[in-house]
Every structure is written in C-alpha cells, then in structure tokens.
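Undergrad: First, the structure itself, so that you have it in front of you.
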Amino acid sequence: MTGSPKPGDDRKVEVAVSRGASIMKELPLSDVYQLLEPGPVVLLTTQQNARPNVMTMSWHMMVDFAPPLVACVVSSADFSFAALLAEQECVIAIPAVELASTVVRVGNSSGRAVDKFKSLGLTPLPAESVSAPLVGECFANLECRVVDTGMVDKYDIFILEVVKAWIDPAQKQPRTIHHHGYGNFVVDGETIVLDSKMP
Ligand SMILES: Cc1cc2nc3c(=O)[nH]c(=O)nc-3n(C[C@H](O)[C@H](O)[C@H](O)COP(=O)(O)O)c2cc1C
C-alpha cells in the first residue's frame, strides 16, 4: 500500500538499507554492463573505399518488430564508426559459439592497420542490398541501413533498419555467445517453451 509517510517510516528504510547492505555486496558501477548486456555477441561489417572491415559488437538492442529496427553502439573510437557514418549501411552477422575465439580477436584489433577478413580467416560474401559484406562463417546475416543518427553525437548510438536477412540452413541449432566482460562469455543453452502472448 502506498500513502503518506508515517512516523517511524524513516527508521524502517534505514533498517532495510542496512539489512540489504549486509546481504548484498556493492557492485562497482563500471561492472553494471556485465549484468545487462543483452547479446548475442555479433559482428558488424562495413565497407568504405572498396575496403571491407569487421568489428565485434555486444551493445545492441531491438527497437521495433517490422521493419526490424536495431539500436547499436558503435564507438567513435572504432575504425568502423567513420565507415558506418559515411556509407550509412552495414551487416550484422551472428556467429555461433564455434567462432567465439575469432570473434574476440576481431574485437581486439582494428581494421585501421589490417584487413581482418584476411588476417582472421573470415569469408566476405556479397550482400544484396548493401555494399558491406556478409560473413560466410556466421549462421545469420542482416543487411542494414542507418535510419536515424540523432543519438550518434551524444551516445554513438545508430538506429539501423534490417532490409534483408539471411540464414545458413547448414548451421543447425546454432548456439550464440553472450558477453559478461573480460573474456567471459555465456553460451546459449536449453530452450524452454512457455504459454506467452508476447510475439
Ligand atoms: C566481446 C566484445 C564486444 C564488443 N562490443 C562492442 C560494442 O558493442 N561497441 C563497440 O563500439 N565496440 C565493441 N567492442 C570493441 C570493438 O569490437 C573493437 O574496438 C574493434 O576492434 C573495432 O574495430 P575497428 O577499429 O576495425 O572498427 C567489443 C569487443 C569485444 C571483444
């Protein structure tokens, strides 16, 4: 029940806080992302001046069903940032766990100096609607166009519309990886099916 504060309420809050403090351990605010990262970890490809590049990305979220809109944080420190801003297109490629160590290497190096497709053994495949390449080793590839840059200056957030989606039927029941920080990943496991009205 809510209502106006009563005498003694302040003390109850104090007791609750001190109990919480004795049970709970304070988490540094800089570690919060490790709890909330949605995953799956994906690769994002771009192409500028006929040069393909690929980066690793885990800070993304769905924004709408159809057309599918995805919000992505692509740091302005990344080489991919300038290509995405200039070309306004990219591919989100979704790797399965078998590709995990390559995904980490992609995310620990920059395309400024090397062609990561070549050096890390990834296969660029032509996309249909965008110049950025698909990644042949990924089980899903989403061709995307930038539709909103309103949050780029402040947050490096791009809103992407998925305009074409591809699935590799040869990769059966792929298990995605989810980033928990500092080289820790959770791998998709058991599927449970519940009665839910949510599409
Ligand atoms: C697991 C993992 C997740 C990452 N997630 C993001 C992300 O969401 N956004 C981002 O800007 N960089 C992210 N990075 C870092 C970029 O992948 C990294 O800076 C990359 O080397 C940039 O490549 P580029 O300079 O060729 O664009 C991530 C790296 C790893 C290993």
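We label chains A, B, ... in the order they appear in the structure tokens, count residues from 1 in each chain, and number ligands from 1 in the order shown.
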Extract, using only C-alpha atoms, all DNA, RNA and protein residues at most 6 Å from Leu44 (chain A), discarding same-chain residues fewer than 2 positions from it, and format them as a list in words.
TA: Val54, Met55, Val91 and Ile92 of chain A
Undergrad: Neighbours of Glu128 (chain A) within 12 Å (only C-alpha atoms; same-chain residues fewer than 4 positions away dropped), as a short mmCIF file (atom, residue, chain, number, x, y, z; two decimals) with C-alpha atoms, in the first residue's frame?
TA:
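Final file, result-v8.cif:
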```cif
data_model
loop_
_atom_site.label_atom_id
_atom_site.label_comp_id
_atom_site.auth_asym_id
_atom_site.auth_seq_id
_atom_site.Cartn_x
_atom_site.Cartn_y
_atom_site.Cartn_z
CA GLU A 89 24.96 0.78 -44.26
CA CYS A 90 26.37 -2.32 -42.61
CA VAL A 91 25.77 -6.02 -42.00
CA ALA A 132 29.15 -4.16 -46.69
CA PRO A 133 29.86 -7.90 -46.92
CA LEU A 134 28.10 -10.82 -45.26
CA ASN A 141 23.47 -12.13 -41.70
CA LEU A 142 21.32 -8.99 -41.54
CA GLU A 143 21.76 -6.30 -44.17
CA CYS A 144 21.11 -2.95 -42.51
CA VAL A 163 16.40 -4.58 -45.00
CA LYS A 164 17.38 -8.17 -45.84
CA ALA A 165 18.01 -11.19 -43.63
CA TRP A 166 19.84 -14.43 -44.41
#
```
Undergrad: For ligand 1, return the neighbouring residues as a list in words (distance at most 7 Å; only C-alpha atoms and all ligand atoms).
TA: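 The neighbouring residues of ligand 1 are, in order, Val41, Asn53, Val54, Met55, Thr56, Met57, Ser58, Trp59, His60, Cys72, Val73, Val74, Ser75, Asp78, Phe79, Ser80, Phe81, Val103, Val104, Arg105, Val106, Gly107, Asn108, Ser109, Ser110, Gly111, Arg112 and His179 of chain A.
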Undergrad: Just N, CA and C atoms for this one: save the residues we selected as a PDB file, in the first residue's frame.
TA:
```
ATOM      1  N   VAL A  41      26.548 -11.740 -28.900  1.00  0.00           N
ATOM      2  CA  VAL A  41      27.668 -11.003 -29.479  1.00  0.00           C
ATOM      3  C   VAL A  41      27.605 -11.186 -30.999  1.00  0.00           C
ATOM      4  N   ASN A  53      35.534  -4.117 -43.685  1.00  0.00           N
ATOM      5  CA  ASN A  53      36.035  -4.222 -42.300  1.00  0.00           C
ATOM      6  C   ASN A  53      34.987  -4.916 -41.441  1.00  0.00           C
ATOM      7  N   VAL A  54      35.446  -5.419 -40.314  1.00  0.00           N
ATOM      8  CA  VAL A  54      34.547  -6.131 -39.402  1.00  0.00           C
ATOM      9  C   VAL A  54      34.943  -5.816 -37.964  1.00  0.00           C
ATOM     10  N   MET A  55      33.938  -5.591 -37.119  1.00  0.00           N
ATOM     11  CA  MET A  55      34.187  -5.376 -35.688  1.00  0.00           C
ATOM     12  C   MET A  55      33.237  -6.271 -34.890  1.00  0.00           C
ATOM     13  N   THR A  56      33.558  -6.420 -33.619  1.00  0.00           N
ATOM     14  CA  THR A  56      32.696  -7.185 -32.707  1.00  0.00           C
ATOM     15  C   THR A  56      31.808  -6.208 -31.960  1.00  0.00           C
ATOM     16  N   MET A  57      30.564  -6.610 -31.714  1.00  0.00           N
ATOM     17  CA  MET A  57      29.633  -5.696 -31.025  1.00  0.00           C
ATOM     18  C   MET A  57      28.689  -6.492 -30.113  1.00  0.00           C
ATOM     19  N   SER A  58      28.573  -6.013 -28.875  1.00  0.00           N
ATOM     20  CA  SER A  58      27.593  -6.666 -27.989  1.00  0.00           C
ATOM     21  C   SER A  58      26.578  -5.665 -27.433  1.00  0.00           C
ATOM     22  N   TRP A  59      26.819  -4.374 -27.643  1.00  0.00           N
ATOM     23  CA  TRP A  59      25.859  -3.382 -27.141  1.00  0.00           C
ATOM     24  C   TRP A  59      24.875  -3.041 -28.256  1.00  0.00           C
ATOM     25  N   HIS A  60      23.804  -3.821 -28.307  1.00  0.00           N
ATOM     26  CA  HIS A  60      22.752  -3.588 -29.305  1.00  0.00           C
ATOM     27  C   HIS A  60      21.426  -4.034 -28.713  1.00  0.00           C
ATOM     28  N   CYS A  72      22.339   0.335 -32.017  1.00  0.00           N
ATOM     29  CA  CYS A  72      23.695  -0.203 -31.829  1.00  0.00           C
ATOM     30  C   CYS A  72      24.622   0.885 -31.333  1.00  0.00           C
ATOM     31  N   VAL A  73      25.496   0.536 -30.402  1.00  0.00           N
ATOM     32  CA  VAL A  73      26.567   1.452 -30.010  1.00  0.00           C
ATOM     33  C   VAL A  73      27.820   1.073 -30.795  1.00  0.00           C
ATOM     34  N   VAL A  74      28.221   1.961 -31.691  1.00  0.00           N
ATOM     35  CA  VAL A  74      29.488   1.786 -32.416  1.00  0.00           C
ATOM     36  C   VAL A  74      30.355   2.973 -32.022  1.00  0.00           C
ATOM     37  N   SER A  75      31.353   2.700 -31.211  1.00  0.00           N
ATOM     38  CA  SER A  75      32.154   3.772 -30.620  1.00  0.00           C
ATOM     39  C   SER A  75      32.845   4.613 -31.695  1.00  0.00           C
ATOM     40  N   ASP A  78      36.186   3.498 -32.852  1.00  0.00           N
ATOM     41  CA  ASP A  78      36.351   2.373 -33.787  1.00  0.00           C
ATOM     42  C   ASP A  78      36.540   2.879 -35.214  1.00  0.00           C
ATOM     43  N   PHE A  79      37.368   2.180 -35.968  1.00  0.00           N
ATOM     44  CA  PHE A  79      37.538   2.471 -37.400  1.00  0.00           C
ATOM     45  C   PHE A  79      36.191   2.328 -38.113  1.00  0.00           C
ATOM     46  N   SER A  80      35.374   1.385 -37.671  1.00  0.00           N
ATOM     47  CA  SER A  80      34.068   1.127 -38.295  1.00  0.00           C
ATOM     48  C   SER A  80      33.142   2.339 -38.212  1.00  0.00           C
ATOM     49  N   PHE A  81      33.332   3.177 -37.201  1.00  0.00           N
ATOM     50  CA  PHE A  81      32.425   4.309 -36.969  1.00  0.00           C
ATOM     51  C   PHE A  81      32.346   5.218 -38.195  1.00  0.00           C
ATOM     52  N   VAL A 103      35.830 -14.234 -32.933  1.00  0.00           N
ATOM     53  CA  VAL A 103      35.029 -13.046 -32.600  1.00  0.00           C
ATOM     54  C   VAL A 103      35.796 -12.146 -31.623  1.00  0.00           C
ATOM     55  N   VAL A 104      36.458 -12.770 -30.648  1.00  0.00           N
ATOM     56  CA  VAL A 104      37.242 -11.992 -29.676  1.00  0.00           C
ATOM     57  C   VAL A 104      38.442 -11.336 -30.366  1.00  0.00           C
ATOM     58  N   ARG A 105      39.065 -12.069 -31.258  1.00  0.00           N
ATOM     59  CA  ARG A 105      40.219 -11.482 -31.974  1.00  0.00           C
ATOM     60  C   ARG A 105      39.765 -10.329 -32.870  1.00  0.00           C
ATOM     61  N   VAL A 106      38.619 -10.472 -33.503  1.00  0.00           N
ATOM     62  CA  VAL A 106      38.072  -9.364 -34.308  1.00  0.00           C
ATOM     63  C   VAL A 106      37.886  -8.127 -33.428  1.00  0.00           C
ATOM     64  N   GLY A 107      37.409  -8.364 -32.205  1.00  0.00           N
ATOM     65  CA  GLY A 107      37.088  -7.266 -31.291  1.00  0.00           C
ATOM     66  C   GLY A 107      38.291  -6.721 -30.539  1.00  0.00           C
ATOM     67  N   ASN A 108      39.437  -7.381 -30.718  1.00  0.00           N
ATOM     68  CA  ASN A 108      40.657  -6.904 -30.053  1.00  0.00           C
ATOM     69  C   ASN A 108      41.673  -6.343 -31.041  1.00  0.00           C
ATOM     70  N   SER A 109      41.216  -6.073 -32.252  1.00  0.00           N
ATOM     71  CA  SER A 109      42.121  -5.486 -33.248  1.00  0.00           C
ATOM     72  C   SER A 109      41.327  -4.503 -34.094  1.00  0.00           C
ATOM     73  N   SER A 110      42.052  -3.648 -34.793  1.00  0.00           N
ATOM     74  CA  SER A 110      41.368  -2.630 -35.592  1.00  0.00           C
ATOM     75  C   SER A 110      41.671  -2.798 -37.071  1.00  0.00           C
ATOM     76  N   GLY A 111      40.652  -2.528 -37.869  1.00  0.00           N
ATOM     77  CA  GLY A 111      40.796  -2.571 -39.321  1.00  0.00           C
ATOM     78  C   GLY A 111      41.587  -1.399 -39.881  1.00  0.00           C
ATOM     79  N   ARG A 112      41.976  -0.487 -39.014  1.00  0.00           N
ATOM     80  CA  ARG A 112      42.820   0.630 -39.471  1.00  0.00           C
ATOM     81  C   ARG A 112      44.103   0.108 -40.099  1.00  0.00           C
ATOM     82  N   HIS A 179      28.232 -11.790 -23.877  1.00  0.00           N
ATOM     83  CA  HIS A 179      29.426 -11.242 -23.236  1.00  0.00           C
ATOM     84  C   HIS A 179      29.184 -10.880 -21.775  1.00  0.00           C
TER      85      HIS A 179
END
```
Undergrad: Kindly indicate which residue among A:Lys25, A:Arg145, A:Lys116, A:Arg175 lies nearest to Leu43 (chain A), using only C-alpha atoms for the distances.
TA: A:Lys116
Undergrad: Going by DSSP on the backbone, which residues of chain A come out as helix (DSSP H, G or I)? List them as a PDB file with C-alpha atoms, in the first residue's frame.
TA:
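Written output follows (out_20.pdb):
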```pdb
ATOM      1  CA  ASP A   9       8.971   5.102   8.296  1.00  0.00           C
ATOM      2  CA  ASP A  10      12.420   6.685   8.047  1.00  0.00           C
ATOM      3  CA  ARG A  11      13.762   4.120  10.521  1.00  0.00           C
ATOM      4  CA  LYS A  12      12.246   1.224   8.505  1.00  0.00           C
ATOM      5  CA  VAL A  13      14.057   2.435   5.411  1.00  0.00           C
ATOM      6  CA  GLU A  14      17.312   2.688   7.374  1.00  0.00           C
ATOM      7  CA  VAL A  15      16.909  -0.891   8.689  1.00  0.00           C
ATOM      8  CA  ALA A  16      16.092  -2.195   5.201  1.00  0.00           C
ATOM      9  CA  VAL A  17      19.140  -0.476   3.756  1.00  0.00           C
ATOM     10  CA  SER A  18      21.451  -1.806   6.441  1.00  0.00           C
ATOM     11  CA  ARG A  19      19.996  -5.350   6.000  1.00  0.00           C
ATOM     12  CA  GLY A  20      20.418  -5.077   2.233  1.00  0.00           C
ATOM     13  CA  ALA A  21      23.960  -3.877   2.731  1.00  0.00           C
ATOM     14  CA  SER A  22      24.803  -6.858   4.913  1.00  0.00           C
ATOM     15  CA  ILE A  23      23.380  -9.381   2.403  1.00  0.00           C
ATOM     16  CA  LEU A  29      29.018   0.932 -11.350  1.00  0.00           C
ATOM     17  CA  SER A  30      31.609   0.214 -14.026  1.00  0.00           C
ATOM     18  CA  ASP A  31      30.614  -3.506 -13.833  1.00  0.00           C
ATOM     19  CA  TYR A  33      27.106  -3.621 -18.120  1.00  0.00           C
ATOM     20  CA  GLN A  34      28.221  -7.176 -17.368  1.00  0.00           C
ATOM     21  CA  LEU A  35      24.763  -7.885 -15.896  1.00  0.00           C
ATOM     22  CA  LEU A  36      22.684  -6.227 -18.598  1.00  0.00           C
ATOM     23  CA  PHE A  79      37.538   2.471 -37.400  1.00  0.00           C
ATOM     24  CA  SER A  80      34.068   1.127 -38.295  1.00  0.00           C
ATOM     25  CA  PHE A  81      32.425   4.309 -36.969  1.00  0.00           C
ATOM     26  CA  ALA A  82      33.527   6.553 -39.831  1.00  0.00           C
ATOM     27  CA  ALA A  83      32.584   3.947 -42.449  1.00  0.00           C
ATOM     28  CA  LEU A  84      29.141   3.452 -40.918  1.00  0.00           C
ATOM     29  CA  LEU A  85      28.519   7.183 -40.715  1.00  0.00           C
ATOM     30  CA  ALA A  86      29.719   7.814 -44.279  1.00  0.00           C
ATOM     31  CA  GLU A  87      28.160   4.814 -46.044  1.00  0.00           C
ATOM     32  CA  VAL A  97      29.976 -20.459 -30.356  1.00  0.00           C
ATOM     33  CA  GLU A  98      32.393 -22.307 -32.672  1.00  0.00           C
ATOM     34  CA  LEU A  99      33.528 -18.885 -33.929  1.00  0.00           C
ATOM     35  CA  ALA A 100      33.982 -17.404 -30.433  1.00  0.00           C
ATOM     36  CA  SER A 101      37.773 -17.100 -30.366  1.00  0.00           C
ATOM     37  CA  THR A 102      37.758 -15.429 -33.803  1.00  0.00           C
ATOM     38  CA  VAL A 103      35.029 -13.046 -32.600  1.00  0.00           C
ATOM     39  CA  VAL A 104      37.242 -11.992 -29.676  1.00  0.00           C
ATOM     40  CA  ARG A 105      40.219 -11.482 -31.974  1.00  0.00           C
ATOM     41  CA  VAL A 106      38.072  -9.364 -34.308  1.00  0.00           C
ATOM     42  CA  GLY A 107      37.088  -7.266 -31.291  1.00  0.00           C
ATOM     43  CA  LYS A 116      40.654  -8.509 -40.538  1.00  0.00           C
ATOM     44  CA  PHE A 117      38.766 -10.698 -43.016  1.00  0.00           C
ATOM     45  CA  LYS A 118      42.107 -11.895 -44.421  1.00  0.00           C
ATOM     46  CA  SER A 119      44.156 -11.985 -41.238  1.00  0.00           C
ATOM     47  CA  VAL A 152      25.251   9.415 -32.585  1.00  0.00           C
ATOM     48  CA  ASP A 153      26.834  12.656 -31.363  1.00  0.00           C
ATOM     49  CA  LYS A 154      25.898  12.076 -27.753  1.00  0.00           C
ATOM     50  CA  TYR A 155      25.949   8.272 -27.370  1.00  0.00           C
TER      51      TYR A 155
END
```
Undergrad: Mind the document's chain letters and residue numbers, and return as number ranges by chain the residues of chain A that DSSP labels strand (DSSP E).
TA: A: 42-48, 51-57, 60-64, 69-73, 89-94, 124-125, 134-135, 140-148, 157-167, 177-179, 185-187
Undergrad: Identify which of the residues A:Ile94, A:Met198, A:Ala50, A:Val187 lies closest to Phe65 (chain A), counting only C-alpha atoms when measuring atom-to-atom distances.
TA: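 Checking each candidate against Phe65 (chain A), we get A:Met198 as the closest.
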Undergrad: Measuring atom to atom with only C-alpha atoms, identify which of A:Val130, A:Ile192, A:Ala71, A:Met61 is nearest to Thr149 (chain A).
TA: A:Ala71
Undergrad: Hey, what's within 9 Å of Val186 (chain A) if we count only C-alpha atoms and toss same-chain stuff fewer than 5 positions away? As a list in words, please?
TA: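 Residues meeting the cut-off are Thr176, Ile177, His178, His179 and His180 of chain A.
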